[in-house]
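*Asks:* Compact mmCIF, C-alpha atoms, saved as query.txt, coming up:
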# COMPACT_ATOMS: atom_id res chain seq x y z
CA MET A 1 46.63 124.10 173.99
CA ASP A 2 45.22 124.60 170.55
CA THR A 3 44.10 121.57 168.65
CA ILE A 4 45.31 121.23 165.09
CA GLU A 5 41.77 121.96 163.86
CA GLN A 6 41.75 125.25 165.74
CA LYS A 7 45.12 126.18 164.29
CA ILE A 8 43.88 125.44 160.77
CA LEU A 9 40.72 127.42 161.46
CA SER A 10 42.70 130.46 162.57
CA ILE A 11 44.78 130.25 159.37
CA LEU A 12 41.60 130.01 157.28
CA GLU A 13 40.34 133.16 159.01
CA THR A 14 43.14 135.01 157.20
CA VAL A 15 41.93 133.83 153.77
CA ASN A 16 39.61 136.43 152.28
CA ASP A 17 36.93 136.36 149.64
CA PRO A 18 38.72 137.93 146.64
CA GLU A 19 35.56 139.75 145.54
CA VAL A 20 34.51 141.00 148.98
CA PRO A 21 37.94 141.35 150.60
CA VAL A 22 36.64 142.41 154.04
CA LEU A 23 35.15 138.95 154.52
CA SER A 24 37.16 135.89 155.44
CA ILE A 25 35.98 132.57 154.09
CA ILE A 26 34.99 131.71 157.67
CA ASP A 27 32.84 134.87 157.89
CA LEU A 28 31.26 133.86 154.59
CA GLY A 29 30.37 130.43 155.96
CA ILE A 30 31.73 128.46 153.02
CA VAL A 31 34.14 126.28 155.03
CA ARG A 32 32.02 123.29 155.98
CA ASP A 33 34.55 121.00 157.61
CA ILE A 34 38.22 120.40 158.27
CA LYS A 35 39.51 116.83 158.33
CA ILE A 36 42.92 115.71 159.44
CA ASN A 37 43.87 112.43 157.76
CA GLU A 38 47.45 111.16 158.35
CA ASN A 39 49.49 114.27 157.49
CA GLU A 40 46.90 115.41 155.00
CA ILE A 41 44.64 118.34 155.68
CA GLU A 42 41.30 118.23 153.93
CA VAL A 43 39.31 121.45 153.76
CA ILE A 44 35.72 121.02 152.67
CA ILE A 45 34.17 124.08 151.09
CA THR A 46 30.90 124.86 149.37
CA PRO A 47 30.32 127.48 146.64
CA THR A 48 28.05 130.45 147.27
CA TYR A 49 26.71 130.32 143.70
CA SER A 50 27.21 127.57 141.08
CA GLY A 51 29.10 129.92 138.79
CA CYS A 52 31.01 131.87 141.44
CA PRO A 53 34.35 132.64 139.77
CA ALA A 54 35.97 133.29 143.15
CA MET A 55 35.91 129.61 144.10
CA ASP A 56 39.04 128.71 142.13
CA ALA A 57 40.93 131.64 143.62
CA ILE A 58 39.70 130.74 147.11
CA SER A 59 40.92 127.13 146.72
CA ILE A 60 44.37 128.36 145.67
CA ASN A 61 44.51 130.89 148.51
CA ILE A 62 43.59 128.24 151.09
CA LYS A 63 46.44 126.07 149.84
CA LEU A 64 48.90 128.96 149.85
CA ALA A 65 47.96 130.03 153.39
CA LEU A 66 48.37 126.48 154.72
CA PHE A 67 51.67 126.02 152.81
CA GLU A 68 53.00 129.17 154.48
CA HIS A 69 52.34 127.61 157.85
CA GLY A 70 54.19 124.44 156.92
CA TYR A 71 51.35 122.18 155.91
CA LYS A 72 52.42 120.24 152.83
CA LYS A 73 49.62 117.87 151.89
CA ILE A 74 46.40 119.75 151.38
CA LYS A 75 43.22 118.62 149.73
CA ILE A 76 40.33 120.92 148.90
CA THR A 77 36.99 119.22 148.45
CA SER A 78 33.96 121.06 147.14
CA VAL A 79 30.50 119.89 148.20
CA LEU A 80 27.15 121.18 146.96
CA SER A 81 24.73 119.79 149.51
CA PRO A 82 23.52 121.16 151.82
CA ALA A 83 23.46 124.26 149.64
CA TRP A 84 25.12 127.38 151.01
CA THR A 85 22.83 129.94 152.55
CA THR A 86 23.45 133.48 153.76
CA ASP A 87 22.28 132.25 157.18
CA TRP A 88 25.74 130.71 157.52
CA MET A 89 27.41 134.09 157.41
CA THR A 90 28.80 135.04 160.82
CA GLU A 91 27.54 138.04 162.80
CA SER A 92 30.98 139.63 162.65
CA GLY A 93 30.95 139.05 158.90
CA LYS A 94 27.68 140.96 158.62
CA GLN A 95 29.11 143.84 160.65
CA LYS A 96 32.22 143.94 158.45
CA LEU A 97 30.06 144.03 155.32
CA LYS A 98 28.05 146.97 156.61
CA ALA A 99 31.19 148.88 157.58
CA PHE A 100 32.48 148.23 154.04
CA GLY A 101 29.32 149.81 152.56
CA ILE A 102 27.51 146.62 151.57
CA ALA A 103 24.13 145.95 153.19
CA PRO A 104 24.34 142.53 154.90
CA PRO A 105 21.75 139.83 154.18
CA THR A 106 18.63 139.97 156.32
CA VAL A 107 17.90 137.05 158.59
CA LYS A 108 14.75 135.90 156.89
CA GLN A 109 15.36 134.12 153.61
CA GLN A 110 13.64 135.92 150.79
CA VAL A 111 14.80 133.97 147.82
CA CYS A 112 12.02 131.42 148.08
CA HIS A 113 9.16 133.64 147.03
CA THR A 114 8.40 134.19 143.38
CA GLU A 115 6.05 137.11 143.91
CA LEU A 116 6.58 139.77 141.29
CA PHE A 117 7.54 143.40 141.71
CA HIS A 118 7.98 142.90 145.39
CA ASP A 119 10.99 144.21 147.25
CA GLY A 120 10.39 142.07 150.30
CA GLU A 121 11.67 143.48 153.57
CA ALA A 122 13.13 146.95 153.56
CA ILE A 123 16.89 146.86 153.26
CA GLN A 124 18.79 149.27 155.45
CA CYS A 125 21.12 151.76 153.79
CA PRO A 126 24.65 151.00 155.06
CA ARG A 127 25.54 154.69 154.82
CA CYS A 128 22.73 156.57 156.61
CA ASN A 129 20.81 153.62 158.16
CA SER A 130 17.54 154.62 156.50
CA TYR A 131 15.10 151.87 155.62
CA ASN A 132 13.63 154.06 152.91
CA THR A 133 15.47 152.30 150.09
CA LYS A 134 14.54 150.83 146.71
CA LEU A 135 15.64 147.86 144.66
CA ILE A 136 17.36 148.87 141.41
CA SER A 137 18.22 145.38 140.22
CA GLN A 138 18.14 141.87 141.66
CA PHE A 139 21.49 141.28 140.00
CA GLY A 140 24.55 143.29 140.98
CA SER A 141 28.29 143.49 140.43
CA THR A 142 28.74 139.86 141.53
CA ALA A 143 26.37 136.88 141.64
CA CYS A 144 25.84 137.31 145.38
CA LYS A 145 24.73 140.94 145.35
CA ALA A 146 21.69 143.01 144.38
CA LEU A 147 21.73 146.73 143.62
CA TYR A 148 19.79 149.17 145.82
CA GLN A 149 19.52 152.91 146.23
CA CYS A 150 18.71 154.93 149.33
CA ASN A 151 15.77 157.32 148.87
CA ASP A 152 17.02 159.55 151.70
CA CYS A 153 20.76 160.00 151.14
CA HIS A 154 20.51 158.85 147.48
CA GLU A 155 23.55 156.61 147.82
CA PRO A 156 23.45 153.57 145.55
CA PHE A 157 24.68 150.50 147.40
CA ASP A 158 25.16 146.75 147.08
CA TYR A 159 23.03 144.38 149.10
CA PHE A 160 24.44 140.93 149.86
CA LYS A 161 21.25 139.20 148.82
CA CYS A 162 19.54 136.40 150.68
CA HIS A 163 20.22 132.98 149.33
CA MET B 1 24.63 103.76 133.45
CA ASN B 2 24.42 105.07 129.89
CA ALA B 3 21.02 106.61 130.56
CA LEU B 4 22.44 108.41 133.60
CA ILE B 5 25.37 109.75 131.55
CA ASP B 6 23.08 110.89 128.73
CA TYR B 7 20.66 112.49 131.17
CA THR B 8 23.46 114.33 132.97
CA LEU B 9 24.83 115.57 129.64
CA HIS B 10 21.33 116.68 128.63
CA LEU B 11 21.02 118.77 131.81
CA ALA B 12 24.52 120.16 131.27
CA ASP B 13 23.98 121.00 127.60
CA ASN B 14 20.72 122.85 128.32
CA ALA B 15 22.45 125.01 130.90
CA LEU B 16 25.60 125.60 128.85
CA ILE B 17 23.89 126.56 125.59
CA LEU B 18 21.42 128.95 127.23
CA GLY B 19 24.26 130.36 129.34
CA HIS B 20 26.30 130.92 126.18
CA ARG B 21 23.37 132.55 124.40
CA ASN B 22 22.83 134.90 127.34
CA SER B 23 26.52 135.73 127.46
CA GLU B 24 26.22 137.08 123.91
CA TRP B 25 24.37 140.02 125.53
CA THR B 26 27.31 140.97 127.73
CA GLY B 27 28.26 144.49 126.74
CA HIS B 28 25.14 144.82 124.55
CA GLY B 29 22.31 144.87 127.11
CA PRO B 30 19.59 147.52 126.73
CA ILE B 31 20.70 149.30 129.92
CA LEU B 32 23.62 148.68 132.24
CA GLU B 33 21.65 147.04 135.07
CA GLN B 34 19.99 144.58 132.69
CA ASP B 35 23.26 143.87 130.91
CA ILE B 36 24.60 142.89 134.33
CA ALA B 37 21.47 140.86 135.12
CA ILE B 38 21.56 138.76 131.95
CA SER B 39 25.32 138.25 132.37
CA ASN B 40 24.76 137.08 135.96
CA ILE B 41 22.17 134.60 134.74
CA ALA B 42 24.63 133.40 132.11
CA LEU B 43 27.21 132.89 134.84
CA ASP B 44 24.79 130.91 137.02
CA LEU B 45 23.84 128.67 134.09
CA ILE B 46 27.43 128.04 133.03
CA GLY B 47 28.25 127.25 136.66
CA GLN B 48 25.43 124.71 136.75
CA ALA B 49 26.66 123.26 133.47
CA ARG B 50 30.16 122.85 134.94
CA ASN B 51 28.77 120.87 137.88
CA PHE B 52 26.85 118.56 135.55
CA TYR B 53 29.79 118.13 133.13
CA GLN B 54 32.19 117.33 135.96
CA TYR B 55 29.83 114.61 137.11
CA ALA B 56 29.28 113.30 133.56
CA ALA B 57 33.05 113.16 133.02
CA ARG B 58 33.47 111.13 136.21
CA LEU B 59 30.74 108.70 135.12
CA ILE B 60 32.22 108.36 131.63
CA ASN B 61 35.72 107.71 132.96
CA ASP B 62 34.40 105.15 135.45
CA SER B 63 32.41 103.31 132.79
CA THR B 64 35.40 103.34 130.42
CA LEU B 65 37.54 101.81 133.16
CA GLN B 66 35.02 99.03 133.49
CA GLY B 67 35.42 98.29 129.80
CA ALA B 68 32.10 99.67 128.66
CA LYS B 69 32.02 101.91 125.65
CA ALA B 70 31.16 105.40 126.80
CA PRO B 71 28.21 106.75 124.82
CA SER B 72 29.54 110.26 124.36
CA PRO B 73 33.31 110.19 124.56
CA GLY B 74 35.18 113.34 125.37
CA GLY B 75 36.06 113.92 121.75
CA GLU B 76 36.87 111.10 119.35
CA GLY B 77 40.54 110.69 118.62
CA VAL B 78 41.56 113.16 121.31
CA GLY B 79 42.52 110.46 123.74
CA GLY B 80 42.84 110.83 127.45
CA GLU B 81 40.12 111.16 129.99
CA ALA B 82 36.85 113.00 129.65
CA THR B 83 36.78 116.29 131.53
CA GLU B 84 34.27 119.10 131.83
CA ASP B 85 36.26 120.86 129.10
CA THR B 86 36.38 117.98 126.62
CA LEU B 87 32.63 117.56 127.02
CA ALA B 88 31.92 121.24 126.39
CA TYR B 89 34.54 121.96 123.75
CA LEU B 90 35.15 118.76 121.82
CA ARG B 91 31.76 117.26 121.13
CA ASP B 92 29.99 117.96 117.88
CA VAL B 93 26.42 119.09 117.16
CA LYS B 94 24.97 115.57 117.03
CA ASP B 95 26.39 114.79 120.50
CA PHE B 96 24.65 117.72 122.17
CA LYS B 97 21.38 116.82 123.91
CA ASN B 98 19.98 120.26 124.67
CA CYS B 99 16.43 121.26 123.83
CA LEU B 100 15.89 123.37 120.73
CA LEU B 101 14.48 126.23 122.80
CA VAL B 102 17.83 127.14 124.36
CA GLU B 103 19.72 127.31 121.06
CA GLN B 104 17.30 129.75 119.43
CA THR B 105 18.82 133.09 118.50
CA ASN B 106 18.63 135.99 120.94
CA GLY B 107 16.59 138.18 118.62
CA ASP B 108 15.55 141.31 120.46
CA TRP B 109 15.28 141.75 124.25
CA ALA B 110 11.69 140.46 124.21
CA LYS B 111 12.68 137.16 122.59
CA THR B 112 15.61 136.66 124.96
CA ILE B 113 13.36 137.42 127.95
CA LEU B 114 10.63 135.06 126.82
CA ARG B 115 13.11 132.23 126.12
CA GLN B 116 14.52 132.74 129.61
CA PHE B 117 11.05 132.79 131.16
CA PHE B 118 9.94 129.57 129.44
CA PHE B 119 13.15 127.85 130.40
CA SER B 120 13.48 129.18 133.96
CA ALA B 121 9.90 128.10 134.73
CA TYR B 122 10.81 124.65 133.36
CA GLN B 123 14.07 124.46 135.34
CA PHE B 124 12.30 125.68 138.48
CA TYR B 125 9.85 122.76 138.57
CA LEU B 126 12.40 120.30 137.19
CA TYR B 127 14.96 121.04 139.92
CA GLN B 128 12.27 120.99 142.61
CA HIS B 129 11.79 117.32 141.76
CA LEU B 130 15.38 116.53 140.82
CA GLN B 131 16.62 117.54 144.29
CA HIS B 132 14.87 114.37 145.51
CA SER B 133 16.46 112.17 142.83
CA LYS B 134 17.87 108.80 143.85
CA ASP B 135 21.13 110.01 142.35
CA GLU B 136 22.78 112.00 145.13
CA THR B 137 25.00 114.12 142.91
CA LEU B 138 22.21 115.22 140.60
CA ALA B 139 20.06 115.92 143.66
CA ALA B 140 22.80 118.10 145.18
CA ILE B 141 23.34 120.07 141.96
CA ALA B 142 19.57 120.61 141.66
CA GLU B 143 19.28 121.74 145.30
CA LYS B 144 22.09 124.24 144.77
CA SER B 145 20.84 125.49 141.40
CA LEU B 146 17.22 125.89 142.46
CA LYS B 147 18.04 128.97 144.55
CA GLU B 148 19.60 130.63 141.52
CA VAL B 149 16.78 129.63 139.19
CA THR B 150 14.26 131.17 141.61
CA TYR B 151 15.87 134.54 140.96
CA HIS B 152 15.93 133.91 137.19
CA LEU B 153 12.25 133.02 137.17
CA ARG B 154 11.21 136.08 139.13
CA TRP B 155 13.34 138.40 137.00
CA SER B 156 12.15 136.99 133.67
CA SER B 157 8.49 136.88 134.83
CA GLU B 158 8.63 140.55 135.74
CA TRP B 159 10.06 141.39 132.35
CA VAL B 160 7.35 139.42 130.50
CA VAL B 161 4.70 141.40 132.40
CA ARG B 162 6.55 144.68 131.86
CA LEU B 163 6.82 144.12 128.12
CA GLY B 164 3.40 142.54 127.57
CA ASP B 165 1.51 145.11 129.64
CA GLY B 166 3.80 147.96 128.61
CA THR B 167 3.74 150.09 125.49
CA GLU B 168 2.30 149.22 122.11
CA GLU B 169 5.84 148.65 120.85
CA SER B 170 6.90 146.37 123.72
CA ASN B 171 3.62 144.45 123.49
CA SER B 172 4.01 143.81 119.76
CA ARG B 173 7.59 142.65 120.28
CA ILE B 174 6.79 140.14 123.00
CA LYS B 175 3.80 138.90 121.00
CA LYS B 176 6.16 138.23 118.10
CA ALA B 177 8.46 136.40 120.51
CA VAL B 178 5.56 134.21 121.67
CA ASP B 179 4.81 133.36 118.04
CA ASP B 180 8.47 132.52 117.41
CA LEU B 181 9.18 130.45 120.53
CA TRP B 182 5.96 128.77 121.59
CA VAL B 183 6.47 125.89 119.17
CA TYR B 184 9.71 124.88 120.94
CA THR B 185 8.08 124.42 124.35
CA ASP B 186 6.51 121.03 123.52
CA GLU B 187 9.92 119.40 123.39
CA LEU B 188 10.61 120.29 127.04
CA PHE B 189 8.00 117.77 128.10
CA GLU B 190 8.57 115.02 125.54
CA ALA B 191 10.86 112.54 127.21
CA ALA B 192 13.77 111.17 125.20
CA SER B 193 14.53 107.47 125.53
CA PHE B 194 17.36 108.11 128.01
CA GLU B 195 15.00 110.22 130.12
CA LEU B 196 12.42 107.43 130.25
CA LEU B 197 15.08 104.93 131.31
CA ALA B 198 16.50 107.28 133.94
CA THR B 199 12.99 108.11 135.17
CA ASN B 200 12.23 104.42 135.67
CA GLU B 201 15.36 104.16 137.80
CA GLY B 202 14.17 107.02 140.00
CA ILE B 203 16.96 109.29 138.72
CA ALA B 204 15.33 111.60 136.20
CA VAL B 205 12.25 113.73 136.72
CA ASP B 206 8.98 112.42 135.31
CA LEU B 207 8.16 115.29 132.95
CA SER B 208 4.42 114.65 133.13
CA LEU B 209 4.63 115.68 136.81
CA ILE B 210 5.84 119.16 136.04
CA LYS B 211 4.04 119.99 132.81
CA ASN B 212 0.83 121.25 134.48
CA ASN B 213 2.72 123.41 136.98
CA TRP B 214 4.70 124.90 134.13
CA LEU B 215 1.60 125.58 132.07
CA LYS B 216 -0.13 127.20 135.05
CA LYS B 217 2.86 129.45 135.66
CA ILE B 218 2.94 130.52 132.00
CA THR B 219 -0.83 131.10 131.99
CA ASP B 220 -0.73 133.23 135.16
CA ILE B 221 2.10 135.41 133.89
CA PHE B 222 0.58 135.66 130.41
CA ASP B 223 -2.71 136.80 131.97
CA GLU B 224 -0.93 139.52 133.89
CA ALA B 225 1.02 140.48 130.78
CA THR B 226 -2.15 140.56 128.64
CA LEU B 227 -0.67 137.90 126.36
CA ARG B 228 -2.37 134.95 124.70
CA PHE B 229 -1.15 131.57 123.56
CA PRO B 230 -0.75 131.43 119.80
CA SER B 231 -2.53 128.97 117.60
CA ARG B 232 -0.50 125.90 116.83
CA GLU B 233 -2.05 125.22 113.45
CA GLY B 234 0.45 124.47 110.77
CA GLN B 235 3.33 124.57 113.20
CA ALA B 236 5.56 121.59 113.61
CA VAL B 237 9.15 121.10 114.63
CA ARG B 238 10.94 118.42 112.70
CA TRP B 239 14.01 118.16 114.90
CA ASN B 240 14.60 116.70 118.30
CA GLY B 241 17.42 118.34 120.19
CA LYS B 242 17.58 115.78 122.97
CA ASP B 243 18.43 113.12 120.39
CA GLY B 244 21.04 115.30 118.72
CA LYS B 245 18.89 116.56 115.85
CA HIS B 246 19.36 120.29 116.11
CA SER B 247 18.38 123.43 114.27
CA GLU B 248 21.08 125.14 112.21
CA HIS B 249 21.78 127.54 115.08
CA LEU B 250 23.68 125.13 117.31
CA GLY B 251 26.49 124.67 114.78
CA TYR B 252 27.16 128.41 114.78
CA ILE B 253 27.16 128.51 118.58
CA LEU B 254 29.68 125.67 118.76
CA ALA B 255 31.83 127.17 116.00
CA GLU B 256 32.34 130.24 118.16
CA MET B 257 32.40 128.56 121.56
CA GLN B 258 34.76 125.77 120.56
CA PHE B 259 37.05 127.69 118.22
CA LEU B 260 39.99 128.07 120.56
CA GLN B 261 40.13 124.41 121.58
CA ARG B 262 39.70 123.26 117.98
CA ALA B 263 42.41 125.58 116.64
CA TYR B 264 44.81 125.24 119.56
CA PRO B 265 44.05 121.93 121.29
CA ASN B 266 44.59 121.92 125.07
CA ASN B 267 45.51 125.58 125.14
CA TYR B 268 44.56 127.84 128.03
CA TRP B 269 43.94 131.56 127.98
Using structure tokens, write down the structure from this file.
*Replies:*
Amino acid sequence: MDTIEQKILSILETVNDPEVPVLSIIDLGIVRDIKINENEIEVIITPTYSGCPAMDAISINIKLALFEHGYKKIKITSVLSPAWTTDWMTESGKQKLKAFGIAPPTVKQQVCHTELFHDGEAIQCPRCNSYNTKLISQFGSTACKALYQCNDCHEPFDYFKCH
Amino acid sequence: MNALIDYTLHLADNALILGHRNSEWTGHGPILEQDIAISNIALDLIGQARNFYQYAARLINDSTLQGAKAPSPGGEGVGGEATEDTLAYLRDVKDFKNCLLVEQTNGDWAKTILRQFFFSAYQFYLYQHLQHSKDETLAAIAEKSLKEVTYHLRWSSEWVVRLGDGTEESNSRIKKAVDDLWVYTDELFEAASFELLATNEGIAVDLSLIKNNWLKKITDIFDEATLRFPSREGQAVRWNGKDGKHSEHLGYILAEMQFLQRAYPNNYW
């Protein structure tokens, strides 16, 4: 028998990040808790970045998905601490990212260093698997991504940067 | 309570105004990747500002409920509750508590980069301390924002070195930027009365704790960029942004940023 939390969790697994649609919000690690208070479902989420414009859309999509399954009273609470980290991304999420052509975040957090002109660990090209890649820009098409290029197959690619 | 509200608004205004300034580059950046970078930084800063404004609005509404007069109402005569939007769109120049540095014009790429570098270094050390504030909400916002600021600091530091230790042209431009902006850095470390009060309560960051770290960071990067500090002789700033005494630039920023809400109150687009 599934508990109500498990049911909610499986519904939330169908809610995708609007900007990286191969990832569910569970894969992304932004759902921090689910609380069941007398007929009300509270979903506690945390933003990836302070200015992430996807958060509003994600909140609406969570509500819609739960409505569809008959849940009427839904509350979305956003918390900032502890701050989201790419370490919370699931393994399957990382695999999905790579298959989609986005290099997944490496395990070791690299954001903390302020050393200049330093690429940190080599990022693997999601297309040809080469580690011979270079950083083009620390800022990419969305707040959570950096722009890289592969020196071997020359493919430019997004890297879901460590945070 | 009033000191906490003012301090939260000060943090919000700094982030919003610099975010807005950076957003003026969107579509005009020197190359595509850097256009995207400065726009990303704008987005991060405006996101931080939203978190601070939402908290300030909650504090203002709570203190109004308790019968106290809120120090910076969400727009006189507008009525209703304060929200993040009323605080951003309906306050006037004298109500804004941002530092003068962040409202300075973009100028060329060198000036924008240097302004970002000065401010990111400041935010970096400020948030490192603020994440241990007695105020849990401010601490949480600082903890979250610090990760973003770390990227901003690294990016802007690299650009200062690249321009300073680059070509004759880039060097002369960043030198000019240093001459233009250096005078506004003093204010970052001069505590306003609300900051002193909030510091005594263990809420705000004691600015004397971060000034040396900031100066060391600037010195290290300037050394690498072959830049020198300008002479201060004859330079003085007569305004004080934290107390609402701004340069003429802020009015123009607000005129553009607030136009829609002033012309069509409560409208969405």
*Asks:* List as a Markdown table every residue of chain B that is in contact with chain A, defined as an atom at most 6 Å from one of its atoms (using all atoms listed in the file), together with the nearest atom pair and the distance in Å rounded to one decimal, sorted by chain and then rising number.
*Replies:*
| residue | atom | partner | partner_atom | distance |
| --- | --- | --- | --- | --- |
| B:Ala37 | CA | A:Phe139 | CA | 4.9 |
| B:Asn40 | CA | A:Ala143 | CA | 5.9 |
| B:Leu43 | CA | A:Gly51 | CA | 5.3 |
| B:Asp44 | CA | A:Gly51 | CA | 4.8 |
| B:Gly47 | CA | A:Gly51 | CA | 3.5 |
| B:Gln48 | CA | A:Ser50 | CA | 5.5 |
| B:Ala140 | CA | A:Ser81 | CA | 5.0 |
| B:Lys144 | CA | A:Ala83 | CA | 5.1 |
| B:Arg154 | CA | A:Thr114 | CA | 5.4 |
| B:Glu158 | CA | A:Leu116 | CA | 6.0 |
*Asks:* Contacts of B:Phe124 at 10 Å or less, counting all atoms listed in the file, minus same-chain residues fewer than 3 places along, as a tab-separated table (two decimals) with C-alpha atoms, in the frame of the given file?
*Replies:*
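Output file part12.tsv is given in full below:
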chain	number	residue	atom	x	y	z
B	119	PHE	CA	13.15	127.85	130.40
B	120	SER	CA	13.48	129.18	133.96
B	121	ALA	CA	9.90	128.10	134.73
B	127	TYR	CA	14.96	121.04	139.92
B	128	GLN	CA	12.27	120.99	142.61
B	129	HIS	CA	11.79	117.32	141.76
B	130	LEU	CA	15.38	116.53	140.82
B	142	ALA	CA	19.57	120.61	141.66
B	145	SER	CA	20.84	125.49	141.40
B	146	LEU	CA	17.22	125.89	142.46
B	147	LYS	CA	18.04	128.97	144.55
B	148	GLU	CA	19.60	130.63	141.52
B	149	VAL	CA	16.78	129.63	139.19
B	150	THR	CA	14.26	131.17	141.61
B	151	TYR	CA	15.87	134.54	140.96
B	152	HIS	CA	15.93	133.91	137.19
B	153	LEU	CA	12.25	133.02	137.17
B	210	ILE	CA	5.84	119.16	136.04
B	213	ASN	CA	2.72	123.41	136.98
B	214	TRP	CA	4.70	124.90	134.13
*Asks:* Closest to B:Leu188 among B:Lys97, B:Arg91, B:Lys216, B:Arg228, using all atoms listed in the file?
*Replies:* B:Lys97
*Asks:* What gap, in Å, lies between atom CA of B:Asp13 and atom CA of B:Thr185?
*Replies:*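 Between these atoms lies a distance of 16.6 Å.
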*Asks:* Nearest to A:Phe67 among A:Gln95, A:Tyr148, A:Ile41, A:Lys35, with distances taken over all atoms listed in the file: which residue is it?
*Replies:* A:Ile41
*Asks:* Add whatever atoms are absent from stretch 41-56 of chain B to reach N, CA and C atoms, and provide the output as a PDB file, in the coordinates of the input.
*Replies:*
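File produced: selection08.pdb:
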ATOM      1  N   ILE B  41      22.937 135.826 135.006  1.00  0.00           N
ATOM      2  CA  ILE B  41      22.170 134.600 134.740  1.00  0.00           C
ATOM      3  C   ILE B  41      23.004 133.653 133.889  1.00  0.00           C
ATOM      4  N   ALA B  42      23.725 134.216 132.924  1.00  0.00           N
ATOM      5  CA  ALA B  42      24.630 133.400 132.110  1.00  0.00           C
ATOM      6  C   ALA B  42      25.649 132.693 132.998  1.00  0.00           C
ATOM      7  N   LEU B  43      26.193 133.435 133.939  1.00  0.00           N
ATOM      8  CA  LEU B  43      27.210 132.890 134.840  1.00  0.00           C
ATOM      9  C   LEU B  43      26.643 131.752 135.693  1.00  0.00           C
ATOM     10  N   ASP B  44      25.451 131.968 136.230  1.00  0.00           N
ATOM     11  CA  ASP B  44      24.790 130.910 137.020  1.00  0.00           C
ATOM     12  C   ASP B  44      24.616 129.650 136.174  1.00  0.00           C
ATOM     13  N   LEU B  45      24.130 129.833 134.939  1.00  0.00           N
ATOM     14  CA  LEU B  45      23.840 128.670 134.090  1.00  0.00           C
ATOM     15  C   LEU B  45      25.114 127.935 133.712  1.00  0.00           C
ATOM     16  N   ILE B  46      26.172 128.688 133.398  1.00  0.00           N
ATOM     17  CA  ILE B  46      27.430 128.040 133.030  1.00  0.00           C
ATOM     18  C   ILE B  46      28.020 127.329 134.249  1.00  0.00           C
ATOM     19  N   GLY B  47      27.822 127.912 135.428  1.00  0.00           N
ATOM     20  CA  GLY B  47      28.250 127.250 136.660  1.00  0.00           C
ATOM     21  C   GLY B  47      27.514 125.944 136.882  1.00  0.00           C
ATOM     22  N   GLN B  48      26.212 125.955 136.629  1.00  0.00           N
ATOM     23  CA  GLN B  48      25.430 124.710 136.750  1.00  0.00           C
ATOM     24  C   GLN B  48      25.918 123.685 135.737  1.00  0.00           C
ATOM     25  N   ALA B  49      26.177 124.163 134.516  1.00  0.00           N
ATOM     26  CA  ALA B  49      26.660 123.260 133.470  1.00  0.00           C
ATOM     27  C   ALA B  49      27.979 122.613 133.895  1.00  0.00           C
ATOM     28  N   ARG B  50      28.863 123.392 134.500  1.00  0.00           N
ATOM     29  CA  ARG B  50      30.160 122.850 134.940  1.00  0.00           C
ATOM     30  C   ARG B  50      29.949 121.717 135.947  1.00  0.00           C
ATOM     31  N   ASN B  51      29.023 121.918 136.894  1.00  0.00           N
ATOM     32  CA  ASN B  51      28.770 120.870 137.880  1.00  0.00           C
ATOM     33  C   ASN B  51      28.263 119.585 137.212  1.00  0.00           C
ATOM     34  N   PHE B  52      27.363 119.743 136.249  1.00  0.00           N
ATOM     35  CA  PHE B  52      26.850 118.560 135.550  1.00  0.00           C
ATOM     36  C   PHE B  52      27.941 117.904 134.685  1.00  0.00           C
ATOM     37  N   TYR B  53      28.730 118.705 133.982  1.00  0.00           N
ATOM     38  CA  TYR B  53      29.790 118.130 133.130  1.00  0.00           C
ATOM     39  C   TYR B  53      30.847 117.402 133.961  1.00  0.00           C
ATOM     40  N   GLN B  54      31.190 117.991 135.106  1.00  0.00           N
ATOM     41  CA  GLN B  54      32.190 117.330 135.960  1.00  0.00           C
ATOM     42  C   GLN B  54      31.697 115.953 136.389  1.00  0.00           C
ATOM     43  N   TYR B  55      30.408 115.893 136.697  1.00  0.00           N
ATOM     44  CA  TYR B  55      29.830 114.610 137.110  1.00  0.00           C
ATOM     45  C   TYR B  55      29.766 113.653 135.925  1.00  0.00           C
ATOM     46  N   ALA B  56      29.347 114.149 134.761  1.00  0.00           N
ATOM     47  CA  ALA B  56      29.280 113.300 133.560  1.00  0.00           C
ATOM     48  C   ALA B  56      30.670 112.753 133.219  1.00  0.00           C
TER      49      ALA B  56
END
